[in-house]
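Structure file model34.csv with CSV, C-alpha atoms:
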chain,number,residue,atom,x,y,z
R,1,MET,CA,247.8,105.7,285.8
R,2,ARG,CA,249.6,104.8,289.0
R,3,ASN,CA,248.4,103.0,292.1
R,4,ASP,CA,249.1,103.9,295.7
R,5,THR,CA,252.6,102.3,295.7
R,6,GLY,CA,253.7,104.4,292.7
R,7,ARG,CA,253.7,101.6,290.2
R,8,ASN,CA,251.7,101.5,287.0
R,9,LYS,CA,248.3,99.9,287.2
R,10,PRO,CA,247.6,97.0,284.9
R,11,GLU,CA,245.3,97.6,282.0
R,12,ARG,CA,241.6,96.7,282.5
R,13,PRO,CA,240.0,94.0,280.4
R,14,SER,CA,237.7,95.5,277.7
R,15,GLY,CA,234.5,94.3,279.5
R,16,SER,CA,235.1,96.4,282.6
R,17,ASN,CA,235.3,99.9,281.3
R,18,PRO,CA,234.0,102.1,284.1
R,19,GLU,CA,232.9,104.9,281.7
R,20,THR,CA,230.3,102.7,280.1
R,21,GLY,CA,228.2,102.2,283.3
R,22,THR,CA,227.9,98.4,282.7
R,23,ALA,CA,231.4,97.4,283.9
R,24,GLY,CA,231.6,93.7,283.8
R,25,ARG,CA,227.8,93.1,283.5
R,26,LYS,CA,226.5,90.8,280.7
R,27,THR,CA,223.1,92.6,280.5
R,28,PRO,CA,222.3,96.2,281.4
R,29,ARG,CA,220.2,96.8,284.5
R,30,GLY,CA,217.5,98.7,282.7
R,31,THR,CA,216.0,95.6,281.1
R,32,SER,CA,213.0,94.0,282.7
R,33,PRO,CA,213.1,90.3,283.4
R,34,GLN,CA,211.3,88.0,281.0
R,35,HIS,CA,208.7,85.8,282.8
R,36,THR,CA,206.6,82.9,281.6
R,37,ASP,CA,202.9,83.3,281.5
R,38,VAL,CA,202.5,81.1,284.6
R,39,GLN,CA,205.1,83.1,286.5
R,40,ARG,CA,203.4,86.4,285.5
R,41,GLU,CA,199.9,85.1,286.6
R,42,THR,CA,201.4,84.0,290.0
R,43,MET,CA,203.0,87.3,290.5
R,44,GLN,CA,199.8,89.2,289.6
R,45,ALA,CA,197.8,87.1,291.9
R,46,GLY,CA,200.2,87.8,294.7
R,47,LEU,CA,200.2,91.5,294.0
R,48,ARG,CA,196.4,91.5,294.0
R,49,LEU,CA,196.4,89.8,297.4
R,50,LEU,CA,198.8,92.3,298.8
R,51,ALA,CA,196.8,95.2,297.5
R,52,ARG,CA,193.6,93.8,299.1
R,53,ILE,CA,195.4,93.4,302.5
R,54,ILE,CA,196.7,97.0,302.3
R,55,ALA,CA,193.3,98.4,301.2
R,56,ARG,CA,191.5,96.6,304.1
R,57,ALA,CA,194.0,97.9,306.6
R,58,HIS,CA,193.6,101.4,305.3
R,59,LEU,CA,189.8,101.3,305.4
R,60,ARG,CA,189.9,99.7,308.9
R,61,ARG,CA,192.0,102.6,310.1
R,62,GLN,CA,189.7,105.2,308.5
R,63,ALA,CA,186.6,103.5,310.1
R,64,GLU,CA,188.1,103.8,313.7
R,65,PRO,CA,186.5,106.6,315.7
R,66,ALA,CA,188.4,109.9,315.2
R,67,ASP,CA,187.7,111.2,318.7
R,68,ALA,CA,189.6,108.3,320.4
R,69,GLU,CA,192.5,109.5,322.5
R,70,PRO,CA,195.8,108.6,320.8
R,71,PRO,CA,198.2,106.5,322.9
R,72,PRO,CA,200.8,108.5,324.9
R,73,LYS,CA,204.2,109.0,323.4
R,74,PRO,CA,207.0,106.9,324.8
R,75,GLY,CA,209.1,108.6,327.5
R,76,THR,CA,206.5,111.2,328.5
R,77,GLY,CA,205.3,109.3,331.5
R,78,GLY,CA,201.7,109.6,330.8

Written as structure tokens, how would this file's structure read?
Amino acid sequence: MRNDTGRNKPERPSGSNPETGTAGRKTPRGTSPQHTDVQRETMQAGLRLLARIIARAHLRRQAEPADAEPPPKPGTGG
């Protein structure tokens, strides 16, 4: 195959075949990372905390009076 200048392109190294989908990568992207038990527990605790924050915010919004007038849209002047 030729490049833009009309010269032949150099051959690619065997580890960068674009047809394989893993060009130049040591490990495929589909694998999940391996964590230690301590890292896994820390991550789970953080996710639980985040879920609690999201749930409280959702419940707080639902508990607000539904008949309250929504704020005016920007640019409408009212």

What does the distance between atom CA of R:Gln62 and atom CA of R:Pro74 come to in Å, to one decimal place? 23.8 Å

At what distance in Å, to one decimal, does atom CA of R:Glu41 lie from atom CA of R:Ile53? 18.5 Å

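Between atom CA of R:Thr36 and atom CA of R:Arg48 the separation is 18.2 Å.
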
Could you add whatever atoms are missing so that stretch 34-60 of chain R carries N, CA and C atoms, then write the result as a PDB file, in the frame of the given file?
ATOM      1  N   GLN R  34     212.257  88.666 281.865  1.00  0.00           N
ATOM      2  CA  GLN R  34     211.300  88.000 281.000  1.00  0.00           C
ATOM      3  C   GLN R  34     210.703  86.816 281.829  1.00  0.00           C
ATOM      4  N   HIS R  35     209.386  86.831 282.063  1.00  0.00           N
ATOM      5  CA  HIS R  35     208.700  85.800 282.800  1.00  0.00           C
ATOM      6  C   HIS R  35     207.828  84.970 281.925  1.00  0.00           C
ATOM      7  N   THR R  36     207.601  83.717 282.313  1.00  0.00           N
ATOM      8  CA  THR R  36     206.600  82.900 281.600  1.00  0.00           C
ATOM      9  C   THR R  36     205.239  83.339 281.965  1.00  0.00           C
ATOM     10  N   ASP R  37     204.251  82.895 281.230  1.00  0.00           N
ATOM     11  CA  ASP R  37     202.900  83.300 281.500  1.00  0.00           C
ATOM     12  C   ASP R  37     202.438  82.793 282.903  1.00  0.00           C
ATOM     13  N   VAL R  38     202.862  81.598 283.296  1.00  0.00           N
ATOM     14  CA  VAL R  38     202.500  81.100 284.600  1.00  0.00           C
ATOM     15  C   VAL R  38     203.129  81.918 285.713  1.00  0.00           C
ATOM     16  N   GLN R  39     204.400  82.288 285.544  1.00  0.00           N
ATOM     17  CA  GLN R  39     205.100  83.100 286.500  1.00  0.00           C
ATOM     18  C   GLN R  39     204.388  84.488 286.639  1.00  0.00           C
ATOM     19  N   ARG R  40     204.016  85.053 285.498  1.00  0.00           N
ATOM     20  CA  ARG R  40     203.400  86.400 285.500  1.00  0.00           C
ATOM     21  C   ARG R  40     202.007  86.296 286.182  1.00  0.00           C
ATOM     22  N   GLU R  41     201.241  85.240 285.934  1.00  0.00           N
ATOM     23  CA  GLU R  41     199.900  85.100 286.600  1.00  0.00           C
ATOM     24  C   GLU R  41     200.097  84.928 288.103  1.00  0.00           C
ATOM     25  N   THR R  42     201.105  84.152 288.530  1.00  0.00           N
ATOM     26  CA  THR R  42     201.400  84.000 290.000  1.00  0.00           C
ATOM     27  C   THR R  42     201.747  85.291 290.611  1.00  0.00           C
ATOM     28  N   MET R  43     202.589  86.050 289.946  1.00  0.00           N
ATOM     29  CA  MET R  43     203.000  87.300 290.500  1.00  0.00           C
ATOM     30  C   MET R  43     201.829  88.298 290.570  1.00  0.00           C
ATOM     31  N   GLN R  44     201.005  88.338 289.547  1.00  0.00           N
ATOM     32  CA  GLN R  44     199.800  89.200 289.600  1.00  0.00           C
ATOM     33  C   GLN R  44     198.861  88.840 290.664  1.00  0.00           C
ATOM     34  N   ALA R  45     198.654  87.541 290.875  1.00  0.00           N
ATOM     35  CA  ALA R  45     197.800  87.100 291.900  1.00  0.00           C
ATOM     36  C   ALA R  45     198.312  87.507 293.302  1.00  0.00           C
ATOM     37  N   GLY R  46     199.604  87.383 293.495  1.00  0.00           N
ATOM     38  CA  GLY R  46     200.200  87.800 294.700  1.00  0.00           C
ATOM     39  C   GLY R  46     200.115  89.300 294.964  1.00  0.00           C
ATOM     40  N   LEU R  47     200.304  90.073 293.903  1.00  0.00           N
ATOM     41  CA  LEU R  47     200.200  91.500 294.000  1.00  0.00           C
ATOM     42  C   LEU R  47     198.744  91.944 294.321  1.00  0.00           C
ATOM     43  N   ARG R  48     197.775  91.245 293.717  1.00  0.00           N
ATOM     44  CA  ARG R  48     196.400  91.500 294.000  1.00  0.00           C
ATOM     45  C   ARG R  48     196.043  91.252 295.475  1.00  0.00           C
ATOM     46  N   LEU R  49     196.562  90.135 295.979  1.00  0.00           N
ATOM     47  CA  LEU R  49     196.400  89.800 297.400  1.00  0.00           C
ATOM     48  C   LEU R  49     196.955  90.820 298.307  1.00  0.00           C
ATOM     49  N   LEU R  50     198.173  91.245 298.014  1.00  0.00           N
ATOM     50  CA  LEU R  50     198.800  92.300 298.800  1.00  0.00           C
ATOM     51  C   LEU R  50     198.057  93.579 298.775  1.00  0.00           C
ATOM     52  N   ALA R  51     197.579  93.966 297.612  1.00  0.00           N
ATOM     53  CA  ALA R  51     196.800  95.200 297.500  1.00  0.00           C
ATOM     54  C   ALA R  51     195.511  95.113 298.292  1.00  0.00           C
ATOM     55  N   ARG R  52     194.878  93.947 298.297  1.00  0.00           N
ATOM     56  CA  ARG R  52     193.600  93.800 299.100  1.00  0.00           C
ATOM     57  C   ARG R  52     193.915  93.906 300.570  1.00  0.00           C
ATOM     58  N   ILE R  53     195.023  93.328 301.036  1.00  0.00           N
ATOM     59  CA  ILE R  53     195.400  93.400 302.500  1.00  0.00           C
ATOM     60  C   ILE R  53     195.644  94.888 302.831  1.00  0.00           C
ATOM     61  N   ILE R  54     196.364  95.609 301.983  1.00  0.00           N
ATOM     62  CA  ILE R  54     196.700  97.000 302.300  1.00  0.00           C
ATOM     63  C   ILE R  54     195.399  97.851 302.258  1.00  0.00           C
ATOM     64  N   ALA R  55     194.508  97.617 301.295  1.00  0.00           N
ATOM     65  CA  ALA R  55     193.300  98.400 301.200  1.00  0.00           C
ATOM     66  C   ALA R  55     192.389  98.133 302.446  1.00  0.00           C
ATOM     67  N   ARG R  56     192.291  96.891 302.876  1.00  0.00           N
ATOM     68  CA  ARG R  56     191.500  96.600 304.100  1.00  0.00           C
ATOM     69  C   ARG R  56     192.028  97.252 305.310  1.00  0.00           C
ATOM     70  N   ALA R  57     193.342  97.219 305.470  1.00  0.00           N
ATOM     71  CA  ALA R  57     194.000  97.900 306.600  1.00  0.00           C
ATOM     72  C   ALA R  57     193.726  99.360 306.607  1.00  0.00           C
ATOM     73  N   HIS R  58     193.813  99.956 305.454  1.00  0.00           N
ATOM     74  CA  HIS R  58     193.600 101.400 305.300  1.00  0.00           C
ATOM     75  C   HIS R  58     192.140 101.753 305.654  1.00  0.00           C
ATOM     76  N   LEU R  59     191.200 100.985 305.113  1.00  0.00           N
ATOM     77  CA  LEU R  59     189.800 101.300 305.400  1.00  0.00           C
ATOM     78  C   LEU R  59     189.462 101.015 306.857  1.00  0.00           C
ATOM     79  N   ARG R  60     190.090 100.018 307.465  1.00  0.00           N
ATOM     80  CA  ARG R  60     189.900  99.700 308.900  1.00  0.00           C
ATOM     81  C   ARG R  60     190.337 100.918 309.737  1.00  0.00           C
TER      82      ARG R  60
END
